[in-house]
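Participant: To be precise about what I am sending: the file is called my_file-v2.cif and holds mmCIF, C-alpha atoms.
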```
data_query
loop_
_atom_site.group_PDB
_atom_site.id
_atom_site.type_symbol
_atom_site.label_atom_id
_atom_site.label_comp_id
_atom_site.auth_asym_id
_atom_site.auth_seq_id
_atom_site.Cartn_x
_atom_site.Cartn_y
_atom_site.Cartn_z
ATOM 1 C CA MET M 1 -3.019 -14.217 31.046
ATOM 2 C CA THR M 2 -2.754 -11.521 33.728
ATOM 3 C CA ARG M 3 -2.683 -7.821 32.950
ATOM 4 C CA ASP M 4 0.949 -7.658 34.102
ATOM 5 C CA GLU M 5 1.896 -10.420 31.670
ATOM 6 C CA ILE M 6 0.079 -8.624 28.850
ATOM 7 C CA TYR M 7 1.860 -5.380 29.787
ATOM 8 C CA ASP M 8 5.282 -7.049 29.736
ATOM 9 C CA ARG M 9 4.648 -8.608 26.345
ATOM 10 C CA VAL M 10 3.278 -5.360 24.883
ATOM 11 C CA LYS M 11 6.365 -3.610 26.230
ATOM 12 C CA THR M 12 8.661 -6.101 24.485
ATOM 13 C CA VAL M 13 6.719 -5.642 21.237
ATOM 14 C CA LEU M 14 7.166 -1.856 21.456
ATOM 15 C CA ILE M 15 10.870 -2.081 22.307
ATOM 16 C CA GLU M 16 11.451 -4.297 19.272
ATOM 17 C CA ALA M 17 9.206 -2.394 16.855
ATOM 18 C CA LEU M 18 10.365 1.100 17.790
ATOM 19 C CA SER M 19 13.951 0.461 18.984
ATOM 20 C CA VAL M 20 13.243 2.333 22.217
ATOM 21 C CA ASP M 21 14.809 1.734 25.631
ATOM 22 C CA ASP M 22 13.139 -0.289 28.339
ATOM 23 C CA GLU M 23 12.601 2.732 30.613
ATOM 24 C CA GLU M 24 10.955 4.799 27.880
ATOM 25 C CA VAL M 25 7.994 2.428 27.756
ATOM 26 C CA THR M 26 5.724 3.536 30.604
ATOM 27 C CA PRO M 27 1.957 2.978 30.925
ATOM 28 C CA ASP M 28 1.075 6.536 29.906
ATOM 29 C CA ALA M 29 3.719 6.937 27.179
ATOM 30 C CA VAL M 30 2.109 8.141 23.930
ATOM 31 C CA ILE M 31 3.127 5.854 21.066
ATOM 32 C CA ARG M 32 3.638 8.648 18.529
ATOM 33 C CA ASP M 33 4.772 11.589 20.638
ATOM 34 C CA ASP M 34 6.801 9.857 23.357
ATOM 35 C CA LEU M 35 8.041 6.746 21.572
ATOM 36 C CA GLY M 36 8.508 8.366 18.155
ATOM 37 C CA ALA M 37 6.329 6.033 16.095
ATOM 38 C CA GLU M 38 5.733 6.945 12.437
ATOM 39 C CA SER M 39 2.870 5.702 10.300
ATOM 40 C CA ILE M 40 4.521 2.444 9.157
ATOM 41 C CA ASP M 41 5.382 1.662 12.786
ATOM 42 C CA PHE M 42 1.686 1.376 13.615
ATOM 43 C CA LEU M 43 1.362 -1.403 11.052
ATOM 44 C CA ASP M 44 4.501 -3.025 12.440
ATOM 45 C CA ILE M 45 3.072 -2.866 15.987
ATOM 46 C CA GLN M 46 -0.231 -4.314 14.740
ATOM 47 C CA PHE M 47 1.493 -7.267 13.025
ATOM 48 C CA ARG M 48 3.651 -7.964 16.080
ATOM 49 C CA LEU M 49 0.676 -7.824 18.484
ATOM 50 C CA GLU M 50 -1.303 -10.201 16.256
ATOM 51 C CA LYS M 51 1.572 -12.666 16.294
ATOM 52 C CA GLU M 52 2.419 -12.262 19.984
ATOM 53 C CA PHE M 53 -1.141 -12.719 21.248
ATOM 54 C CA GLY M 54 -2.692 -14.769 18.435
ATOM 55 C CA ILE M 55 -5.371 -12.131 17.831
ATOM 56 C CA LYS M 56 -6.732 -10.487 14.683
ATOM 57 C CA ILE M 57 -6.806 -6.685 14.672
ATOM 58 C CA PRO M 58 -9.253 -5.321 12.075
ATOM 59 C CA LYS M 59 -8.287 -2.094 10.284
ATOM 60 C CA GLY M 60 -9.051 0.962 12.412
ATOM 61 C CA GLU M 61 -10.211 -0.957 15.472
ATOM 62 C CA MET M 62 -7.243 -0.198 17.705
ATOM 63 C CA MET M 63 -6.880 3.361 16.353
ATOM 64 C CA PRO M 64 -9.610 4.837 14.084
ATOM 65 C CA GLU M 65 -8.248 6.143 10.786
ATOM 66 C CA ASP M 66 -11.188 7.642 8.963
ATOM 67 C CA LEU M 67 -12.667 10.033 11.505
ATOM 68 C CA ALA M 68 -11.897 13.198 9.544
ATOM 69 C CA ALA M 69 -13.777 11.867 6.503
ATOM 70 C CA ALA M 70 -17.147 12.397 8.216
ATOM 71 C CA GLY M 71 -17.839 16.141 8.502
ATOM 72 C CA GLU M 72 -19.833 15.997 11.715
ATOM 73 C CA PHE M 73 -16.877 14.690 13.737
ATOM 74 C CA VAL M 74 -14.266 17.260 12.766
ATOM 75 C CA ARG M 75 -14.782 20.941 12.014
ATOM 76 C CA ASP M 76 -11.941 23.316 11.053
ATOM 77 C CA GLY M 77 -9.413 20.701 12.123
ATOM 78 C CA LYS M 78 -10.945 20.413 15.586
ATOM 79 C CA LEU M 79 -12.914 17.553 17.129
ATOM 80 C CA THR M 80 -16.613 18.210 17.708
ATOM 81 C CA GLN M 81 -18.584 16.770 20.619
ATOM 82 C CA ALA M 82 -20.027 14.237 18.157
ATOM 83 C CA GLY M 83 -16.458 13.350 17.223
ATOM 84 C CA ILE M 84 -15.499 12.812 20.854
ATOM 85 C CA ASP M 85 -18.613 10.680 21.421
ATOM 86 C CA GLU M 86 -17.806 8.614 18.343
ATOM 87 C CA LEU M 87 -14.193 8.138 19.451
ATOM 88 C CA LYS M 88 -15.299 7.037 22.916
ATOM 89 C CA LYS M 89 -17.532 4.465 21.289
ATOM 90 C CA ARG M 90 -14.788 3.181 18.997
ATOM 91 C CA MET M 91 -11.960 3.356 21.543
ATOM 92 C CA PRO M 92 -13.283 2.059 24.864
ATOM 93 C CA HIS M 93 -9.671 1.102 25.568
ATOM 94 C CA ALA M 94 -8.464 4.739 25.584
ATOM 95 C CA ASP M 95 -8.292 7.363 28.341
ATOM 96 C CA PHE M 96 -9.985 10.614 27.263
ATOM 97 C CA LYS M 97 -8.699 12.860 30.056
ATOM 98 C CA ASP M 98 -6.674 15.077 27.676
ATOM 99 C CA LEU M 99 -9.161 15.181 24.822
ATOM 100 C CA HIS M 100 -12.397 17.153 24.575
ATOM 101 C CA ALA M 101 -14.600 18.934 22.048
ATOM 102 C CA GLY M 102 -12.458 21.652 20.475
ATOM 103 C CA SER M 103 -9.182 19.699 20.699
ATOM 104 C CA ASP M 104 -7.121 19.646 17.503
ATOM 105 C CA LEU M 105 -7.626 16.487 15.455
ATOM 106 C CA GLU M 106 -3.851 16.022 15.692
ATOM 107 C CA GLU M 107 -4.191 15.527 19.439
ATOM 108 C CA MET M 108 -6.159 12.367 18.812
ATOM 109 C CA SER M 109 -2.801 10.575 18.747
ATOM 110 C CA LYS M 110 -2.588 11.174 22.529
ATOM 111 C CA LEU M 111 -5.264 8.523 22.996
ATOM 112 C CA PHE M 112 -2.925 5.867 21.724
ATOM 113 C CA THR M 113 -0.795 5.098 24.763
ATOM 114 C CA VAL M 114 0.912 1.955 26.046
ATOM 115 C CA ASP M 115 -1.983 1.494 28.460
ATOM 116 C CA ALA M 116 -4.526 1.810 25.631
ATOM 117 C CA ILE M 117 -2.795 -1.043 23.797
ATOM 118 C CA VAL M 118 -2.755 -3.184 26.963
ATOM 119 C CA ASN M 119 -6.474 -2.469 27.521
ATOM 120 C CA TYR M 120 -7.226 -3.308 23.910
ATOM 121 C CA VAL M 121 -5.311 -6.604 23.994
ATOM 122 C CA GLU M 122 -6.871 -7.516 27.344
ATOM 123 C CA ARG M 123 -10.352 -7.031 25.874
ATOM 124 C CA LYS M 124 -9.529 -8.977 22.706
ATOM 125 C CA LEU M 125 -8.238 -11.912 24.755
ATOM 126 C CA GLN M 126 -11.384 -11.860 26.915
ATOM 127 C CA GLU M 127 -13.581 -11.842 23.803
ATOM 128 C CA ALA M 128 -11.678 -14.790 22.362
ATOM 129 C CA ARG M 129 -12.283 -16.901 25.461
ATOM 130 C CA MET H 1 19.581 1.640 -16.196
ATOM 131 C CA ARG H 2 18.814 -1.792 -14.816
ATOM 132 C CA TRP H 3 18.309 -1.560 -11.085
ATOM 133 C CA ILE H 4 18.114 -5.276 -10.495
ATOM 134 C CA TRP H 5 20.107 -6.713 -7.615
ATOM 135 C CA ILE H 6 19.016 -10.327 -7.855
ATOM 136 C CA ASP H 7 19.877 -12.604 -10.763
ATOM 137 C CA ARG H 8 17.125 -15.164 -10.573
ATOM 138 C CA PHE H 9 14.674 -16.913 -8.325
ATOM 139 C CA GLU H 10 15.542 -20.347 -7.099
ATOM 140 C CA SER H 11 12.241 -21.057 -5.390
ATOM 141 C CA PHE H 12 8.964 -19.201 -5.042
ATOM 142 C CA GLU H 13 5.963 -20.208 -2.966
ATOM 143 C CA SER H 14 3.158 -17.719 -3.430
ATOM 144 C CA GLY H 15 2.447 -15.643 -0.314
ATOM 145 C CA LYS H 16 4.872 -17.670 1.782
ATOM 146 C CA SER H 17 8.523 -17.655 0.814
ATOM 147 C CA ALA H 18 11.037 -17.022 -1.921
ATOM 148 C CA VAL H 19 14.729 -17.628 -2.479
ATOM 149 C CA ALA H 20 16.680 -15.539 -4.970
ATOM 150 C CA ILE H 21 20.346 -15.687 -5.837
ATOM 151 C CA LYS H 22 22.874 -13.027 -6.707
ATOM 152 C CA ALA H 23 26.273 -13.823 -8.176
ATOM 153 C CA VAL H 24 28.807 -11.244 -7.049
ATOM 154 C CA THR H 25 31.445 -10.403 -9.631
ATOM 155 C CA ALA H 26 34.550 -8.232 -9.649
ATOM 156 C CA ALA H 27 33.261 -6.686 -12.887
ATOM 157 C CA GLU H 28 30.785 -4.625 -10.837
ATOM 158 C CA GLU H 29 32.260 -1.146 -10.329
ATOM 159 C CA HIS H 30 30.760 -0.514 -6.907
ATOM 160 C CA LEU H 31 32.714 -3.387 -5.335
ATOM 161 C CA HIS H 32 35.869 -1.332 -5.658
ATOM 162 C CA ASP H 33 34.634 1.899 -4.119
ATOM 163 C CA LEU H 34 34.520 1.090 -0.408
ATOM 164 C CA TYR H 35 38.043 -0.163 0.345
ATOM 165 C CA PRO H 36 40.523 0.414 -2.519
ATOM 166 C CA GLY H 37 42.372 -2.832 -3.290
ATOM 167 C CA PHE H 38 39.939 -4.930 -1.227
ATOM 168 C CA PRO H 39 36.689 -5.360 -3.173
ATOM 169 C CA VAL H 40 33.557 -6.080 -1.152
ATOM 170 C CA PHE H 41 29.881 -6.127 -2.053
ATOM 171 C CA PRO H 42 28.243 -3.162 -0.219
ATOM 172 C CA HIS H 43 25.862 -4.045 2.592
ATOM 173 C CA SER H 44 23.393 -1.430 1.356
ATOM 174 C CA LEU H 45 23.009 -3.432 -1.866
ATOM 175 C CA ILE H 46 22.467 -6.605 0.159
ATOM 176 C CA VAL H 47 19.525 -4.830 1.801
ATOM 177 C CA GLU H 48 18.325 -3.827 -1.679
ATOM 178 C CA GLY H 49 18.626 -7.426 -2.916
ATOM 179 C CA MET H 50 16.546 -8.637 0.016
ATOM 180 C CA ALA H 51 14.026 -5.850 -0.570
ATOM 181 C CA GLN H 52 13.670 -6.882 -4.222
ATOM 182 C CA THR H 53 13.272 -10.572 -3.360
ATOM 183 C CA ALA H 54 10.766 -9.793 -0.604
ATOM 184 C CA GLY H 55 9.005 -7.053 -2.581
ATOM 185 C CA ILE H 56 8.235 -9.443 -5.436
ATOM 186 C CA LEU H 57 7.003 -12.039 -2.916
ATOM 187 C CA VAL H 58 4.663 -9.428 -1.406
ATOM 188 C CA GLY H 59 3.544 -8.046 -4.784
ATOM 189 C CA GLU H 60 2.774 -11.457 -6.251
ATOM 190 C CA ALA H 61 0.613 -12.331 -3.242
ATOM 191 C CA LYS H 62 -1.847 -9.624 -4.339
ATOM 192 C CA GLY H 63 -1.517 -10.277 -8.074
ATOM 193 C CA PHE H 64 0.776 -7.216 -8.509
ATOM 194 C CA ARG H 65 -2.233 -4.916 -8.076
ATOM 195 C CA GLU H 66 -0.674 -3.062 -5.133
ATOM 196 C CA LYS H 67 2.216 -0.621 -5.247
ATOM 197 C CA VAL H 68 4.573 -2.266 -2.796
ATOM 198 C CA ILE H 69 7.036 0.150 -1.216
ATOM 199 C CA LEU H 70 9.829 -0.648 1.225
ATOM 200 C CA ALA H 71 8.733 1.326 4.293
ATOM 201 C CA LYS H 72 10.933 0.141 7.149
ATOM 202 C CA ILE H 73 14.108 -1.799 7.759
ATOM 203 C CA GLY H 74 13.314 -3.296 11.158
ATOM 204 C CA LYS H 75 16.612 -5.132 11.371
ATOM 205 C CA ALA H 76 19.767 -5.422 9.297
ATOM 206 C CA ASP H 77 22.462 -7.391 11.118
ATOM 207 C CA PHE H 78 25.527 -8.283 9.101
ATOM 208 C CA HIS H 79 27.841 -11.113 10.090
ATOM 209 C CA ARG H 80 30.566 -10.972 7.439
ATOM 210 C CA LEU H 81 31.825 -9.221 4.319
ATOM 211 C CA VAL H 82 30.983 -10.522 0.866
ATOM 212 C CA ARG H 83 33.760 -10.806 -1.723
ATOM 213 C CA PRO H 84 33.797 -11.244 -5.531
ATOM 214 C CA GLY H 85 33.032 -14.794 -6.633
ATOM 215 C CA GLU H 86 30.499 -15.459 -3.912
ATOM 216 C CA ILE H 87 26.904 -16.411 -4.615
ATOM 217 C CA LEU H 88 24.405 -14.815 -2.250
ATOM 218 C CA ARG H 89 21.098 -16.430 -1.427
ATOM 219 C CA TYR H 90 18.267 -14.211 -0.256
ATOM 220 C CA HIS H 91 15.736 -16.225 1.760
ATOM 221 C CA ALA H 92 12.534 -14.233 2.302
ATOM 222 C CA ALA H 93 9.735 -15.558 4.513
ATOM 223 C CA ALA H 94 6.389 -13.775 4.774
ATOM 224 C CA GLY H 95 5.265 -12.891 8.283
ATOM 225 C CA THR H 96 2.001 -11.084 7.669
ATOM 226 C CA ILE H 97 0.636 -9.864 4.327
ATOM 227 C CA ASN H 98 -2.628 -7.927 4.544
ATOM 228 C CA ASP H 99 -4.407 -5.092 2.722
ATOM 229 C CA ALA H 100 -2.226 -2.388 4.252
ATOM 230 C CA GLY H 101 1.197 -3.961 3.871
ATOM 231 C CA ALA H 102 3.498 -6.797 4.814
ATOM 232 C CA SER H 103 6.278 -7.894 7.133
ATOM 233 C CA ILE H 104 9.092 -10.098 5.919
ATOM 234 C CA THR H 105 11.827 -11.959 7.749
ATOM 235 C CA GLY H 106 14.925 -12.410 5.654
ATOM 236 C CA ARG H 107 18.198 -14.305 5.842
ATOM 237 C CA VAL H 108 21.137 -13.922 3.512
ATOM 238 C CA THR H 109 23.596 -16.774 3.077
ATOM 239 C CA SER H 110 26.691 -17.512 1.013
ATOM 240 C CA GLY H 111 27.230 -21.258 0.761
ATOM 241 C CA GLU H 112 27.043 -22.476 4.363
ATOM 242 C CA ALA H 113 27.903 -19.074 5.840
ATOM 243 C CA GLU H 114 25.345 -16.701 7.346
ATOM 244 C CA VAL H 115 25.792 -13.239 5.842
ATOM 245 C CA ALA H 116 22.922 -11.195 7.281
ATOM 246 C CA ASP H 117 19.530 -11.141 8.991
ATOM 247 C CA ILE H 118 17.248 -8.518 7.494
ATOM 248 C CA SER H 119 13.635 -7.820 8.506
ATOM 249 C CA LEU H 120 11.555 -5.511 6.341
ATOM 250 C CA MET H 121 8.148 -3.850 6.315
ATOM 251 C CA PHE H 122 6.369 -3.006 3.089
ATOM 252 C CA SER H 123 3.481 -0.610 2.590
ATOM 253 C CA HIS H 124 0.750 -0.915 -0.007
ATOM 254 C CA ILE H 125 0.863 2.802 -0.595
ATOM 255 C CA ASP H 126 -2.560 3.177 -2.204
ATOM 256 C CA GLN H 127 -3.990 1.938 1.107
ATOM 257 C CA ASN H 128 -1.912 4.312 3.226
ATOM 258 C CA MET H 129 -3.540 6.042 6.149
ATOM 259 C CA ALA H 130 -2.691 9.565 4.999
ATOM 260 C CA GLY H 131 -4.957 9.174 1.975
ATOM 261 C CA ILE H 132 -2.344 10.556 -0.430
ATOM 262 C CA ALA H 133 -3.005 9.750 -4.097
ATOM 263 C CA PHE H 134 -0.308 8.107 -6.202
ATOM 264 C CA PRO H 135 -0.095 7.667 -10.015
ATOM 265 C CA GLU H 136 -2.475 5.031 -11.309
ATOM 266 C CA HIS H 137 0.056 2.897 -13.203
ATOM 267 C CA ASN H 138 2.109 0.513 -11.115
ATOM 268 C CA PHE H 139 5.537 2.155 -11.167
ATOM 269 C CA VAL H 140 6.964 -0.389 -8.718
ATOM 270 C CA PHE H 141 6.710 -3.584 -10.734
ATOM 271 C CA THR H 142 8.388 -2.643 -13.986
ATOM 272 C CA ASP H 143 9.117 -5.119 -16.784
ATOM 273 C CA GLN H 144 12.557 -5.683 -15.281
ATOM 274 C CA PHE H 145 11.030 -7.172 -12.156
ATOM 275 C CA MET H 146 8.317 -9.096 -13.946
ATOM 276 C CA GLU H 147 10.924 -10.761 -16.165
ATOM 277 C CA LEU H 148 12.584 -12.311 -13.115
ATOM 278 C CA LEU H 149 9.466 -14.123 -12.043
ATOM 279 C CA ALA H 150 8.448 -14.993 -15.589
ATOM 280 C CA ASN H 151 11.838 -16.591 -16.226
ATOM 281 C CA PHE H 152 11.618 -18.606 -13.030
ATOM 282 C CA ARG H 153 8.204 -19.905 -14.032
ATOM 283 C CA LYS H 154 9.224 -20.685 -17.630
ATOM 284 C CA ASP H 155 11.906 -23.013 -16.287
ATOM 285 C CA VAL H 156 13.664 -22.690 -19.633
ATOM 286 C CA ASP H 157 16.299 -25.235 -20.611
ATOM 287 C CA VAL H 158 18.978 -23.255 -22.394
ATOM 288 C CA ARG H 159 21.183 -26.064 -23.697
ATOM 289 C CA LEU H 160 22.221 -25.488 -27.308
#
```
Starting from the file, lay out its structure as structure tokens.

Facilitator:
Amino acid sequence: MTRDEIYDRVKTVLIEALSVDDEEVTPDAVIRDDLGAESIDFLDIQFRLEKEFGIKIPKGEMMPEDLAAAGEFVRDGKLTQAGIDELKKRMPHADFKDLHAGSDLEEMSKLFTVDAIVNYVERKLQEAR
Amino acid sequence: MRWIWIDRFESFESGKSAVAIKAVTAAEEHLHDLYPGFPVFPHSLIVEGMAQTAGILVGEAKGFREKVILAKIGKADFHRLVRPGEILRYHAAAGTINDAGASITGRVTSGEAEVADISLMFSHIDQNMAGIAFPEHNFVFTDQFMELLANFRKDVDVRL
């Protein structure tokens, strides 16, 4: 499957899961901030991606959930350098241009873009081959 | 108050599918509220009936250990109105059920007629990402709900 085909199918998944318009789904659109996803929507997107691509998405693999639980990664609500390093390790599919040590933990959601999902799915499909 | 919007299960396959029925009767007050002189069964209660059918399907799959909460109505398309005397069938089919929650595809029929297509997402709230704590006892699956499944499984012959 080509990257363009993956992109088109991810786009359809997002349109159906989030009831957004075709033109709202762009490669750098942030799933939470730009497409309005709430917490249950992430589970919905996960289920739909699993079905669409025949892949299994383990908890926290596409988007880490438990980062704040470890003190070294987050201090006073802000990501530490260790936190950034850990995120880069866990999310090789994400673009870190807007996130650095000192960013609010809340801003972590900016990593989860349409492109990040496409990258993630692309890697999963390669691994499955 | 009994907040039960299905009358009984007609079939139940653990973790896969369930069919429940609801007999709609003019004795129910709420049928007369929407259009005076033209009783209809409210669509909101059709969604609730599907949520109860699907919620029990999801809960049973994990031995009723999880608190199963309706978290999202992905789709609710209605094709016709439902009048007194009709018998609704809620057909719930499990998409995915995992530790975090479940997705269900539902169809509602009345005889041969298609009434609605309803897709739902459920959350197992103790596993929610926000880490919020909820009461320990399972407040979702009360005795009222458990009776429905118990009666289906007893398959009681009530001839006198």

Participant: Applying the PyMOL selection byres ((chain M) within 9 of (chain H)) to the file I just gave you, which residues come out? Please list them as a PyMOL selection string.

Facilitator: chain M and resi 16-19+39-41+43-44+47+51+59+65-66

Participant: Assuming 4 Å of padding per side, give the centre and edge lengths of the axis-aligned box around every listed atom of segment 80-93 of chain H, in Å to one decimal and as AutoDock Vina command-line options.

Facilitator:
```
--center_x 21.8 --center_y -12.8 --center_z 0.4 --size_x 32.1 --size_y 15.2 --size_z 22.1
```

Participant: Residues within 9 Å of Leu125 of chain M, please, as a short mmCIF file (atom, residue, chain, number, x, y, z; two decimals) with C-alpha atoms, in the coordinates of the input. Count only C-alpha atoms; anything in the same chain fewer than 5 positions from it doesn't count.

Facilitator:
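Output file selection26.cif follows:
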```cif
data_model
loop_
_atom_site.label_atom_id
_atom_site.label_comp_id
_atom_site.auth_asym_id
_atom_site.auth_seq_id
_atom_site.Cartn_x
_atom_site.Cartn_y
_atom_site.Cartn_z
CA MET M 1 -3.02 -14.22 31.05
CA PHE M 53 -1.14 -12.72 21.25
CA GLY M 54 -2.69 -14.77 18.43
CA ILE M 55 -5.37 -12.13 17.83
CA TYR M 120 -7.23 -3.31 23.91
#
```

Participant: Hey, what comes out of the PyMOL selection byres ((chain H and resi 48) around 12) on this file? Could you write it as a PyMOL selection string?

Facilitator: chain H and resi 3-6+22+41-47+49-55+69-70+73+76+90+106+108+118-120

Participant: From the list M:Glu61, M:Asp8, M:Asp98, M:Glu107, which residue is nearest Arg32 of chain M when using all atoms listed in the file?

Facilitator: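 Using all atoms listed in the file, Arg32 of chain M sits closest to M:Glu107.
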
Participant: Taking the file as shown, what set of residues would the PyMOL selection byres ((chain M and resi 25-29) around 9) give back, as a count of residues only?

Facilitator: 22

Participant: Just give me the gap between atom CA of Ile57 of chain M and atom CA of Ile84 of chain M in Å, one decimal is fine.

Facilitator: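 Between atom CA of Ile57 of chain M and atom CA of Ile84 of chain M the gap is 22.2 Å.
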